[in-house]
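Asker: So here's target-v4.pdb, just PDB, C-alpha atoms (C1' of nucleotides):
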ATOM      1  CA  MET A  18     -22.333  -2.114  24.995  1.00  0.00           C
ATOM      2  CA  ALA A  19     -20.759  -5.090  23.253  1.00  0.00           C
ATOM      3  CA  ARG A  20     -22.999  -7.970  22.228  1.00  0.00           C
ATOM      4  CA  LEU A  21     -22.001 -11.631  22.618  1.00  0.00           C
ATOM      5  CA  LEU A  22     -22.058 -13.280  19.184  1.00  0.00           C
ATOM      6  CA  PRO A  23     -24.684 -16.048  18.972  1.00  0.00           C
ATOM      7  CA  ARG A  24     -24.097 -19.560  17.662  1.00  0.00           C
ATOM      8  CA  SER A  25     -25.883 -18.749  14.405  1.00  0.00           C
ATOM      9  CA  PHE A  26     -23.030 -16.334  13.602  1.00  0.00           C
ATOM     10  CA  TYR A  27     -20.726 -19.344  13.071  1.00  0.00           C
ATOM     11  CA  LEU A  28     -23.155 -21.543  11.153  1.00  0.00           C
ATOM     12  CA  ASP A  29     -21.945 -20.527   7.675  1.00  0.00           C
ATOM     13  CA  SER A  30     -18.899 -21.645   5.691  1.00  0.00           C
ATOM     14  CA  PRO A  31     -15.505 -20.710   7.187  1.00  0.00           C
ATOM     15  CA  ASP A  32     -14.614 -18.159   4.506  1.00  0.00           C
ATOM     16  CA  VAL A  33     -17.852 -16.270   5.168  1.00  0.00           C
ATOM     17  CA  VAL A  34     -17.444 -16.479   8.940  1.00  0.00           C
ATOM     18  CA  ALA A  35     -13.794 -15.393   8.725  1.00  0.00           C
ATOM     19  CA  ARG A  36     -14.649 -12.162   6.909  1.00  0.00           C
ATOM     20  CA  ARG A  37     -17.490 -11.540   9.308  1.00  0.00           C
ATOM     21  CA  LEU A  38     -15.247 -11.957  12.366  1.00  0.00           C
ATOM     22  CA  LEU A  39     -12.779  -9.246  11.339  1.00  0.00           C
ATOM     23  CA  GLY A  40     -13.170  -6.307  13.706  1.00  0.00           C
ATOM     24  CA  LYS A  41     -14.890  -8.343  16.439  1.00  0.00           C
ATOM     25  CA  LEU A  42     -13.569  -8.424  20.005  1.00  0.00           C
ATOM     26  CA  ILE A  43     -12.119 -11.492  21.697  1.00  0.00           C
ATOM     27  CA  THR A  44     -12.359 -11.282  25.474  1.00  0.00           C
ATOM     28  CA  ARG A  45     -10.521 -13.474  27.932  1.00  0.00           C
ATOM     29  CA  ARG A  46     -11.546 -13.422  31.575  1.00  0.00           C
ATOM     30  CA  ILE A  47      -8.882 -14.504  34.067  1.00  0.00           C
ATOM     31  CA  ASP A  48     -10.195 -14.337  37.635  1.00  0.00           C
ATOM     32  CA  ASN A  49     -11.309 -10.716  37.982  1.00  0.00           C
ATOM     33  CA  GLN A  50      -9.272  -9.386  35.102  1.00  0.00           C
ATOM     34  CA  LYS A  51     -10.406  -8.932  31.528  1.00  0.00           C
ATOM     35  CA  LEU A  52      -8.084  -9.080  28.520  1.00  0.00           C
ATOM     36  CA  SER A  53      -9.414  -8.154  25.115  1.00  0.00           C
ATOM     37  CA  GLY A  54      -8.270  -7.677  21.548  1.00  0.00           C
ATOM     38  CA  ARG A  55      -9.802  -6.940  18.167  1.00  0.00           C
ATOM     39  CA  ILE A  56      -9.506  -9.549  15.399  1.00  0.00           C
ATOM     40  CA  VAL A  57      -7.471  -8.038  12.537  1.00  0.00           C
ATOM     41  CA  GLU A  58      -6.213 -11.187  10.758  1.00  0.00           C
ATOM     42  CA  ILE A  59      -7.915 -14.566  10.278  1.00  0.00           C
ATOM     43  CA  GLU A  60      -7.807 -17.615   8.014  1.00  0.00           C
ATOM     44  CA  ALA A  61     -10.489 -20.060   6.845  1.00  0.00           C
ATOM     45  CA  TYR A  62     -10.008 -23.843   6.782  1.00  0.00           C
ATOM     46  CA  LEU A  63     -12.680 -25.625   4.820  1.00  0.00           C
ATOM     47  CA  GLY A  64     -12.865 -29.133   6.249  1.00  0.00           C
ATOM     48  CA  LEU A  65     -12.887 -32.305   4.163  1.00  0.00           C
ATOM     49  CA  ASP A  66     -12.329 -30.454   0.885  1.00  0.00           C
ATOM     50  CA  ASP A  67      -9.267 -28.501   2.019  1.00  0.00           C
ATOM     51  CA  PRO A  68      -5.899 -30.343   2.002  1.00  0.00           C
ATOM     52  CA  ALA A  69      -4.430 -27.685   4.320  1.00  0.00           C
ATOM     53  CA  ALA A  70      -7.088 -28.198   6.996  1.00  0.00           C
ATOM     54  CA  HIS A  71      -6.575 -30.374  10.066  1.00  0.00           C
ATOM     55  CA  SER A  72      -9.957 -31.950   9.317  1.00  0.00           C
ATOM     56  CA  TYR A  73      -8.958 -33.013   5.768  1.00  0.00           C
ATOM     57  CA  ASN A  74      -8.208 -36.628   6.659  1.00  0.00           C
ATOM     58  CA  GLY A  75     -11.326 -37.105   8.750  1.00  0.00           C
ATOM     59  CA  LYS A  76     -12.294 -36.918  12.382  1.00  0.00           C
ATOM     60  CA  THR A  77      -9.745 -37.846  15.041  1.00  0.00           C
ATOM     61  CA  ALA A  78      -9.520 -37.256  18.785  1.00  0.00           C
ATOM     62  CA  ARG A  79      -7.412 -34.177  18.142  1.00  0.00           C
ATOM     63  CA  ASN A  80      -9.658 -32.397  15.629  1.00  0.00           C
ATOM     64  CA  ALA A  81     -13.071 -33.593  16.855  1.00  0.00           C
ATOM     65  CA  VAL A  82     -14.177 -30.072  17.771  1.00  0.00           C
ATOM     66  CA  LEU A  83     -14.027 -29.037  14.100  1.00  0.00           C
ATOM     67  CA  PHE A  84     -16.640 -31.701  13.298  1.00  0.00           C
ATOM     68  CA  GLY A  85     -18.955 -30.636  16.108  1.00  0.00           C
ATOM     69  CA  PRO A  86     -21.409 -27.745  16.363  1.00  0.00           C
ATOM     70  CA  PRO A  87     -20.318 -24.189  15.497  1.00  0.00           C
ATOM     71  CA  GLY A  88     -19.003 -21.645  17.965  1.00  0.00           C
ATOM     72  CA  PHE A  89     -16.562 -23.838  19.903  1.00  0.00           C
ATOM     73  CA  ALA A  90     -12.838 -23.255  20.425  1.00  0.00           C
ATOM     74  CA  TYR A  91     -10.433 -25.649  18.706  1.00  0.00           C
ATOM     75  CA  VAL A  92      -7.016 -25.188  20.321  1.00  0.00           C
ATOM     76  CA  TYR A  93      -4.065 -27.238  19.095  1.00  0.00           C
ATOM     77  CA  PHE A  94      -0.385 -27.492  20.014  1.00  0.00           C
ATOM     78  CA  ILE A  95       2.153 -26.838  17.272  1.00  0.00           C
ATOM     79  CA  TYR A  96       5.931 -27.057  16.835  1.00  0.00           C
ATOM     80  CA  GLY A  97       6.367 -28.311  20.378  1.00  0.00           C
ATOM     81  CA  MET A  98       5.900 -24.843  21.846  1.00  0.00           C
ATOM     82  CA  TYR A  99       2.862 -22.887  20.780  1.00  0.00           C
ATOM     83  CA  TYR A 100      -0.896 -23.044  20.773  1.00  0.00           C
ATOM     84  CA  CYS A 101      -3.218 -21.809  18.037  1.00  0.00           C
ATOM     85  CA  LEU A 102      -6.855 -20.769  18.464  1.00  0.00           C
ATOM     86  CA  ASN A 103      -9.622 -21.640  16.020  1.00  0.00           C
ATOM     87  CA  VAL A 104     -13.401 -21.429  16.184  1.00  0.00           C
ATOM     88  CA  SER A 105     -15.549 -24.185  14.688  1.00  0.00           C
ATOM     89  CA  CYS A 106     -17.964 -23.290  11.887  1.00  0.00           C
ATOM     90  CA  GLN A 107     -20.801 -24.997  10.006  1.00  0.00           C
ATOM     91  CA  PRO A 108     -23.536 -27.295  11.378  1.00  0.00           C
ATOM     92  CA  ASP A 109     -22.820 -30.229  13.688  1.00  0.00           C
ATOM     93  CA  GLY A 110     -21.282 -33.049  11.631  1.00  0.00           C
ATOM     94  CA  HIS A 111     -19.711 -30.717   9.041  1.00  0.00           C
ATOM     95  CA  ALA A 112     -16.032 -29.849   9.526  1.00  0.00           C
ATOM     96  CA  GLY A 113     -14.702 -26.322   9.213  1.00  0.00           C
ATOM     97  CA  GLY A 114     -13.090 -23.585  11.213  1.00  0.00           C
ATOM     98  CA  VAL A 115     -11.291 -20.281  11.305  1.00  0.00           C
ATOM     99  CA  LEU A 116      -7.790 -19.648  12.668  1.00  0.00           C
ATOM    100  CA  ILE A 117      -7.354 -16.409  14.606  1.00  0.00           C
ATOM    101  CA  ARG A 118      -3.966 -15.068  13.439  1.00  0.00           C
ATOM    102  CA  ALA A 119      -3.674 -11.603  14.960  1.00  0.00           C
ATOM    103  CA  LEU A 120      -5.379  -9.224  17.364  1.00  0.00           C
ATOM    104  CA  GLU A 121      -5.070  -5.542  18.035  1.00  0.00           C
ATOM    105  CA  PRO A 122      -4.686  -5.480  21.832  1.00  0.00           C
ATOM    106  CA  VAL A 123      -7.398  -3.393  23.530  1.00  0.00           C
ATOM    107  CA  GLU A 124      -7.533  -4.151  27.269  1.00  0.00           C
ATOM    108  CA  GLY A 125      -4.962  -5.637  29.660  1.00  0.00           C
ATOM    109  CA  LEU A 126      -1.779  -4.919  27.723  1.00  0.00           C
ATOM    110  CA  GLU A 127       0.416  -5.086  30.823  1.00  0.00           C
ATOM    111  CA  THR A 128      -0.851  -8.546  31.667  1.00  0.00           C
ATOM    112  CA  MET A 129      -0.393  -9.644  28.080  1.00  0.00           C
ATOM    113  CA  ALA A 130       3.227  -8.484  28.169  1.00  0.00           C
ATOM    114  CA  ARG A 131       3.831 -10.404  31.391  1.00  0.00           C
ATOM    115  CA  LEU A 132       2.297 -13.582  29.948  1.00  0.00           C
ATOM    116  CA  ARG A 133       4.530 -13.134  26.883  1.00  0.00           C
ATOM    117  CA  HIS A 134       7.609 -12.735  29.117  1.00  0.00           C
ATOM    118  CA  LEU A 135       8.186  -9.261  27.709  1.00  0.00           C
ATOM    119  CA  PRO A 136       8.848  -5.977  29.506  1.00  0.00           C
ATOM    120  CA  ALA A 137       5.850  -3.676  29.944  1.00  0.00           C
ATOM    121  CA  SER A 138       7.579  -1.298  27.547  1.00  0.00           C
ATOM    122  CA  ALA A 139       7.572  -3.836  24.705  1.00  0.00           C
ATOM    123  CA  LYS A 140       6.038  -2.757  21.415  1.00  0.00           C
ATOM    124  CA  PRO A 141       2.348  -3.724  21.425  1.00  0.00           C
ATOM    125  CA  GLN A 142       2.814  -5.411  18.055  1.00  0.00           C
ATOM    126  CA  LEU A 143       4.813  -8.118  19.842  1.00  0.00           C
ATOM    127  CA  LEU A 144       1.890  -9.016  22.099  1.00  0.00           C
ATOM    128  CA  THR A 145      -0.789 -10.479  19.824  1.00  0.00           C
ATOM    129  CA  SER A 146       0.426 -10.332  16.200  1.00  0.00           C
ATOM    130  CA  GLY A 147       0.694 -14.020  15.291  1.00  0.00           C
ATOM    131  CA  PRO A 148      -1.371 -17.099  16.221  1.00  0.00           C
ATOM    132  CA  GLY A 149       1.146 -18.435  18.750  1.00  0.00           C
ATOM    133  CA  ARG A 150       1.739 -15.040  20.273  1.00  0.00           C
ATOM    134  CA  LEU A 151      -1.908 -14.219  20.850  1.00  0.00           C
ATOM    135  CA  CYS A 152      -2.532 -17.520  22.618  1.00  0.00           C
ATOM    136  CA  GLN A 153       0.389 -16.848  24.931  1.00  0.00           C
ATOM    137  CA  ALA A 154      -0.776 -13.264  25.557  1.00  0.00           C
ATOM    138  CA  LEU A 155      -4.289 -14.479  26.468  1.00  0.00           C
ATOM    139  CA  ASP A 156      -3.091 -17.611  28.316  1.00  0.00           C
ATOM    140  CA  ILE A 157      -4.999 -19.911  25.976  1.00  0.00           C
ATOM    141  CA  THR A 158      -4.013 -23.588  26.171  1.00  0.00           C
ATOM    142  CA  ARG A 159      -5.392 -26.804  24.774  1.00  0.00           C
ATOM    143  CA  ALA A 160      -5.930 -28.329  28.214  1.00  0.00           C
ATOM    144  CA  ALA A 161      -7.935 -25.371  29.476  1.00  0.00           C
ATOM    145  CA  HIS A 162      -9.735 -24.123  26.385  1.00  0.00           C
ATOM    146  CA  ASN A 163     -10.119 -26.760  23.663  1.00  0.00           C
ATOM    147  CA  GLY A 164     -13.817 -27.494  23.202  1.00  0.00           C
ATOM    148  CA  LEU A 165     -14.973 -24.372  25.069  1.00  0.00           C
ATOM    149  CA  ASP A 166     -18.214 -22.721  23.921  1.00  0.00           C
ATOM    150  CA  VAL A 167     -17.290 -19.147  22.935  1.00  0.00           C
ATOM    151  CA  THR A 168     -20.984 -18.192  22.709  1.00  0.00           C
ATOM    152  CA  SER A 169     -21.699 -18.971  26.372  1.00  0.00           C
ATOM    153  CA  ARG A 170     -22.470 -16.146  28.825  1.00  0.00           C
ATOM    154  CA  THR A 171     -20.225 -17.821  31.399  1.00  0.00           C
ATOM    155  CA  SER A 172     -17.302 -18.704  29.128  1.00  0.00           C
ATOM    156  CA  PRO A 173     -13.855 -17.327  30.051  1.00  0.00           C
ATOM    157  CA  LEU A 174     -13.303 -16.921  26.301  1.00  0.00           C
ATOM    158  CA  GLN A 175     -15.903 -15.031  24.268  1.00  0.00           C
ATOM    159  CA  ILE A 176     -16.241 -13.101  21.017  1.00  0.00           C
ATOM    160  CA  LEU A 177     -18.287  -9.905  20.989  1.00  0.00           C
ATOM    161  CA  ASP A 178     -19.538  -7.277  18.575  1.00  0.00           C
ATOM    162  CA  ASP A 179     -18.952  -3.721  19.798  1.00  0.00           C
ATOM    163  CA  GLY A 180     -20.165  -2.128  16.573  1.00  0.00           C
ATOM    164  CA  PHE A 181     -16.758  -1.667  14.971  1.00  0.00           C
ATOM    165  CA  GLU A 182     -16.781  -2.079  11.187  1.00  0.00           C
ATOM    166  CA  PRO A 183     -13.530  -2.512   9.199  1.00  0.00           C
ATOM    167  CA  ASP A 184     -13.069   0.035   6.410  1.00  0.00           C
ATOM    168  CA  LEU A 185     -11.547  -2.415   3.948  1.00  0.00           C
ATOM    169  CA  ILE A 186     -10.901  -6.170   4.021  1.00  0.00           C
ATOM    170  CA  ARG A 187      -8.142  -7.685   1.916  1.00  0.00           C
ATOM    171  CA  SER A 188      -7.732 -11.401   1.118  1.00  0.00           C
ATOM    172  CA  SER A 189      -4.490 -13.252   0.375  1.00  0.00           C
ATOM    173  CA  PRO A 190      -3.050 -16.789   0.461  1.00  0.00           C
ATOM    174  CA  ARG A 191      -2.769 -18.450   3.866  1.00  0.00           C
ATOM    175  CA  ILE A 192       0.491 -18.363   5.802  1.00  0.00           C
ATOM    176  CA  GLY A 193       2.735 -21.219   6.911  1.00  0.00           C
ATOM    177  CA  ILE A 194       1.007 -24.051   5.058  1.00  0.00           C
ATOM    178  CA  ARG A 195       2.457 -26.385   2.409  1.00  0.00           C
ATOM    179  CA  LYS A 196      -0.698 -27.740   0.816  1.00  0.00           C
ATOM    180  CA  ALA A 197      -3.395 -25.804  -1.068  1.00  0.00           C
ATOM    181  CA  VAL A 198      -1.198 -22.714  -0.779  1.00  0.00           C
ATOM    182  CA  GLU A 199      -2.939 -20.813  -3.554  1.00  0.00           C
ATOM    183  CA  HIS A 200      -6.395 -20.258  -2.090  1.00  0.00           C
ATOM    184  CA  PRO A 201      -7.022 -16.663  -0.921  1.00  0.00           C
ATOM    185  CA  LEU A 202      -8.476 -17.683   2.447  1.00  0.00           C
ATOM    186  CA  ARG A 203      -6.529 -15.285   4.669  1.00  0.00           C
ATOM    187  CA  PHE A 204      -8.351 -12.077   5.498  1.00  0.00           C
ATOM    188  CA  VAL A 205      -6.938  -8.922   7.086  1.00  0.00           C
ATOM    189  CA  ILE A 206      -8.133  -5.447   7.932  1.00  0.00           C
ATOM    190  CA  GLU A 207      -6.340  -3.373   5.320  1.00  0.00           C
ATOM    191  CA  GLY A 208      -3.672  -1.107   6.800  1.00  0.00           C
ATOM    192  CA  ASN A 209      -3.983  -2.334  10.387  1.00  0.00           C
ATOM    193  CA  ALA A 210      -0.617  -2.193  12.180  1.00  0.00           C
ATOM    194  CA  PHE A 211      -1.219  -5.416  14.126  1.00  0.00           C
ATOM    195  CA  VAL A 212      -1.488  -7.781  11.167  1.00  0.00           C
ATOM    196  CA  SER A 213       1.316 -10.392  11.297  1.00  0.00           C
ATOM    197  CA  GLY A 214       3.814 -11.159   8.540  1.00  0.00           C
TER     198      GLY A 214
ATOM    199  C1'  DG B  27      15.730  -5.774   7.520  1.00  0.00           C
ATOM    200  C1'  DG B  28      15.883 -10.293   5.802  1.00  0.00           C
ATOM    201  C1'  DA B  29      17.313 -15.177   5.305  1.00  0.00           C
ATOM    202  C1'  DG B  30      18.421 -19.298   7.849  1.00  0.00           C
ATOM    203  C1'  DC B  31      17.672 -22.332  11.474  1.00  0.00           C
ATOM    204  C1'  DG B  32      16.938 -24.646  16.000  1.00  0.00           C
ATOM    205  C1'  DA B  33      13.711 -25.576  19.701  1.00  0.00           C
ATOM    206  C1'  DT B  34      10.452 -28.957  21.095  1.00  0.00           C
ATOM    207  C1'  DG B  35       5.645 -32.117  21.910  1.00  0.00           C
ATOM    208  C1'  DT B  36       1.962 -34.424  19.745  1.00  0.00           C
ATOM    209  C1'  DC B  37      -0.337 -36.793  16.292  1.00  0.00           C
ATOM    210  C1'  DC B  38      -0.786 -39.835  12.496  1.00  0.00           C
ATOM    211  C1'  DT B  39       1.398 -43.115   8.974  1.00  0.00           C
TER     212       DT B  39
ATOM    213  C1'  DG C  26       9.793 -41.473  11.911  1.00  0.00           C
ATOM    214  C1'  DG C  27       8.223 -37.384   9.765  1.00  0.00           C
ATOM    215  C1'  DA C  28       5.403 -33.533   9.511  1.00  0.00           C
ATOM    216  C1'  DC C  29       3.710 -29.669  11.702  1.00  0.00           C
ATOM    217  C1'  DA C  30      -1.864 -23.504  10.386  1.00  0.00           C
ATOM    218  C1'  DT C  31       5.325 -20.815  14.841  1.00  0.00           C
ATOM    219  C1'  DC C  32       8.570 -17.896  16.951  1.00  0.00           C
ATOM    220  C1'  DG C  33      12.809 -15.656  18.167  1.00  0.00           C
ATOM    221  C1'  DC C  34      17.529 -15.817  17.754  1.00  0.00           C
ATOM    222  C1'  DT C  35      21.806 -15.383  15.009  1.00  0.00           C
ATOM    223  C1'  DC C  36      24.388 -13.810  11.260  1.00  0.00           C
ATOM    224  C1'  DC C  37      24.978 -11.020   7.336  1.00  0.00           C
ATOM    225  C1'  DG C  38      24.668  -6.901   4.844  1.00  0.00           C
TER     226       DG C  38
END
Go ahead and render the structure in this file as structure tokens.

Answerer:
Amino acid sequence: MARLLPRSFYLDSPDVVARRLLGKLITRRIDNQKLSGRIVEIEAYLGLDDPAAHSYNGKTARNAVLFGPPGFAYVYFIYGMYYCLNVSCQPDGHAGGVLIRALEPVEGLETMARLRHLPASAKPQLLTSGPGRLCQALDITRAAHNGLDVTSRTSPLQILDDGFEPDLIRSSPRIGIRKAVEHPLRFVIEGNAFVSG
DNA sequence: GGAGCGATGTCCT
DNA sequence: GGACATCGCTCCG
């Protein structure tokens, strides 16, 4: 039986939490249906010390969740079309978070395909490989999910540990950023077919 | 299969 | 007004 990750899981620095989240299950409850996917790619954003992080220039209305307590969803809108899902890390008052970049779909693939406007026969890699894609596949939006507690028993968006352990984790530079491009803060499960890029 | 590029809303300077 | 933690399409080989 999968165990809901507690708030203490997210209390550490984003690079530590990012590694630790690889292989964990994200579950999205929509009415009576459950969608789930395993985290296979993730990036760390370090807060005030990280020029690539949304929190770098201080707290604003948009990024306030990153400065709050750990274990809350930070969902933002990007390029006029897509949402991206992060989870806040570090104690209340300290900015930091992790960006979920790719999932291996586990449950509800037909619904994911429909939400992605793809035929049911579409390759599963097209469902949740990429931060914008996975939000569309799980119907995650800023209006509905920003600021949500992912450690709550009643949350429609949770992260669980089902005992899976990645064989090998590889780090590399983060994707799609223009500042602080050199830091190896992207983490993937080595060899997993659902990693993006 | 890879490079180039347009779509498109929100936030901050 | 510009930048943006993206994606999917076109065009070319």

Asker: Within 9 Å of chain B, which residues of chain C show up? Give each one with its shortest atom-to-atom distance in Å (one decimal) and the two atoms involved, counting all atoms listed in the file, rows by chain then rising residue number, as CSV.

Answerer:
residue,atom,partner,partner_atom,distance
C:DG27,C1',B:DT39,C1',8.9
C:DT35,C1',B:DC31,C1',8.8
C:DC36,C1',B:DG30,C1',8.8
C:DC37,C1',B:DA29,C1',9.0

Asker: With a cut-off of 12 Å, could you pull out the residues of chain A touching chain B and give me the nearest pair of atoms for each, distance in Å to one decimal, using all atoms listed in the file, ordered by chain and ascending number, as a tab-separated table?

Answerer:
residue	atom	partner	partner_atom	distance
A:His71	CA	B:DC37	C1'	10.9
A:Asn74	CA	B:DC38	C1'	10.0
A:Gly75	CA	B:DC38	C1'	11.5
A:Lys76	CA	B:DC38	C1'	11.9
A:Thr77	CA	B:DC38	C1'	9.5
A:Ala78	CA	B:DC37	C1'	9.5
A:Arg79	CA	B:DC37	C1'	7.8
A:Asn80	CA	B:DC37	C1'	10.3
A:Tyr93	CA	B:DT36	C1'	9.4
A:Phe94	CA	B:DT36	C1'	7.3
A:Ile95	CA	B:DG35	C1'	7.8
A:Tyr96	CA	B:DT34	C1'	6.5
A:Gly97	CA	B:DG35	C1'	4.2
A:Met98	CA	B:DT34	C1'	6.2
A:Tyr99	CA	B:DG35	C1'	9.7
A:Tyr100	CA	B:DG35	C1'	11.2
A:Arg159	CA	B:DT36	C1'	11.7

Asker: I'd like the residues picked by the PyMOL selection byres ((chain A) within 9 of (chain C)) written out as a PyMOL selection string, using the chain letters and numbers from the file.

Answerer: chain A and resi 60+62+69-71+95-96+98-101+116+147-150+191-194

Asker: Which value, in Å to one decimal, gives the distance between CA of Asp66 (chain A) and CA of Cys106 (chain A)?

Answerer: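 Distance reported for this atom pair: 14.3 Å.
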
Asker: So how far away is CA of Phe84 (chain A) from CA of Arg170 (chain A), in Å?

Answerer: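 Here the two named atoms are 22.7 Å from each other.
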
Asker: Got a sec: who's within 10 Å of Ala139 (chain A), counting all atoms listed in the file, leaving out chain neighbours fewer than 3 positions off, as a VMD selection string?

Answerer: chain A and resid 126 to 127 130 134 to 136 142 to 144

Asker: Could you please take those selected residues and save C-alpha atoms as a PDB file, keeping the file's coordinate frame?

Answerer:
ATOM      1  CA  LEU A 126      -1.779  -4.919  27.723  1.00  0.00           C
ATOM      2  CA  GLU A 127       0.416  -5.086  30.823  1.00  0.00           C
ATOM      3  CA  ALA A 130       3.227  -8.484  28.169  1.00  0.00           C
ATOM      4  CA  HIS A 134       7.609 -12.735  29.117  1.00  0.00           C
ATOM      5  CA  LEU A 135       8.186  -9.261  27.709  1.00  0.00           C
ATOM      6  CA  PRO A 136       8.848  -5.977  29.506  1.00  0.00           C
ATOM      7  CA  GLN A 142       2.814  -5.411  18.055  1.00  0.00           C
ATOM      8  CA  LEU A 143       4.813  -8.118  19.842  1.00  0.00           C
ATOM      9  CA  LEU A 144       1.890  -9.016  22.099  1.00  0.00           C
TER      10      LEU A 144
END

Asker: Compile the contact shell of Gly85 (chain A) as a VMD selection string: residues with an atom at most 12 Å away, counting all atoms listed in the file, same-chain residues fewer than 2 positions apart removed.

Answerer: chain A and resid 27 to 28 64 72 76 to 78 80 to 83 87 to 91 104 to 114 164 to 166

Asker: Kindly list the centre and edge lengths in Å, rounded to one decimal, for the axis-aligned box that covers all listed atoms of chain C plus 3 Å on each of its six sides, as JSON.

Answerer:
{"center_x": 11.6, "center_y": -24.2, "center_z": 11.5, "size_x": 32.8, "size_y": 40.6, "size_z": 19.3}

Asker: Which of these, A:Val212, A:Pro190, A:Val92, A:Glu199, has the shortest distance to Ala160 (chain A) once you count all atoms listed in the file?

Answerer: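 Of A:Val212, A:Pro190, A:Val92, A:Glu199, the one nearest Ala160 (chain A), counting all atoms listed in the file, is A:Val92.
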
Asker: Grab the CA of Leu174 (chain A) to CA of Arg45 (chain A) distance for me, in Å with one decimal place.

Answerer: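 Straight-line distance from CA of Leu174 (chain A) to CA of Arg45 (chain A) works out to 4.7 Å.
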
Asker: Could you tell me which residues the PyMOL selection byres ((chain A and resi 41) around 6) grabs in this file, written as a list of chain:residue names?

Answerer: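 Applying the expression gives A:Leu38, A:Leu39, A:Gly40, A:Leu42, A:Arg55, A:Ile56, A:Leu177, A:Asp178.
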
Asker: Output C-alpha atoms of each residue in that selection to a file, as a PDB file, in the frame of the given file.

Answerer:
ATOM      1  CA  LEU A  38     -15.247 -11.957  12.366  1.00  0.00           C
ATOM      2  CA  LEU A  39     -12.779  -9.246  11.339  1.00  0.00           C
ATOM      3  CA  GLY A  40     -13.170  -6.307  13.706  1.00  0.00           C
ATOM      4  CA  LEU A  42     -13.569  -8.424  20.005  1.00  0.00           C
ATOM      5  CA  ARG A  55      -9.802  -6.940  18.167  1.00  0.00           C
ATOM      6  CA  ILE A  56      -9.506  -9.549  15.399  1.00  0.00           C
ATOM      7  CA  LEU A 177     -18.287  -9.905  20.989  1.00  0.00           C
ATOM      8  CA  ASP A 178     -19.538  -7.277  18.575  1.00  0.00           C
TER       9      ASP A 178
END

Asker: If you apply the PyMOL selection byres ((chain A and resi 32) around 8) to this file, what residues do you get, as a PyMOL selection string?

Answerer: chain A and resi 30-31+33-36+60-63+115+202

Asker: Would you pull chain B out of the block just shown and save C-alpha atoms (C1' of nucleotides) as a PDB file, in the first residue's frame?

Answerer:
ATOM      1  C1'  DG B  27      15.448  13.276 -36.779  1.00  0.00           C
ATOM      2  C1'  DG B  28      16.681  17.891 -36.019  1.00  0.00           C
ATOM      3  C1'  DA B  29      16.610  22.989 -36.411  1.00  0.00           C
ATOM      4  C1'  DG B  30      13.610  26.945 -36.591  1.00  0.00           C
ATOM      5  C1'  DC B  31       9.723  29.344 -35.162  1.00  0.00           C
ATOM      6  C1'  DG B  32       5.015  30.947 -33.881  1.00  0.00           C
ATOM      7  C1'  DA B  33       1.371  30.784 -30.465  1.00  0.00           C
ATOM      8  C1'  DT B  34      -0.233  33.252 -26.549  1.00  0.00           C
ATOM      9  C1'  DG B  35      -1.177  35.251 -21.177  1.00  0.00           C
ATOM     10  C1'  DT B  36       0.884  36.979 -17.133  1.00  0.00           C
ATOM     11  C1'  DC B  37       4.164  39.190 -14.455  1.00  0.00           C
ATOM     12  C1'  DC B  38       7.638  42.475 -13.452  1.00  0.00           C
ATOM     13  C1'  DT B  39      10.710  46.499 -14.969  1.00  0.00           C
TER      14       DT B  39
END
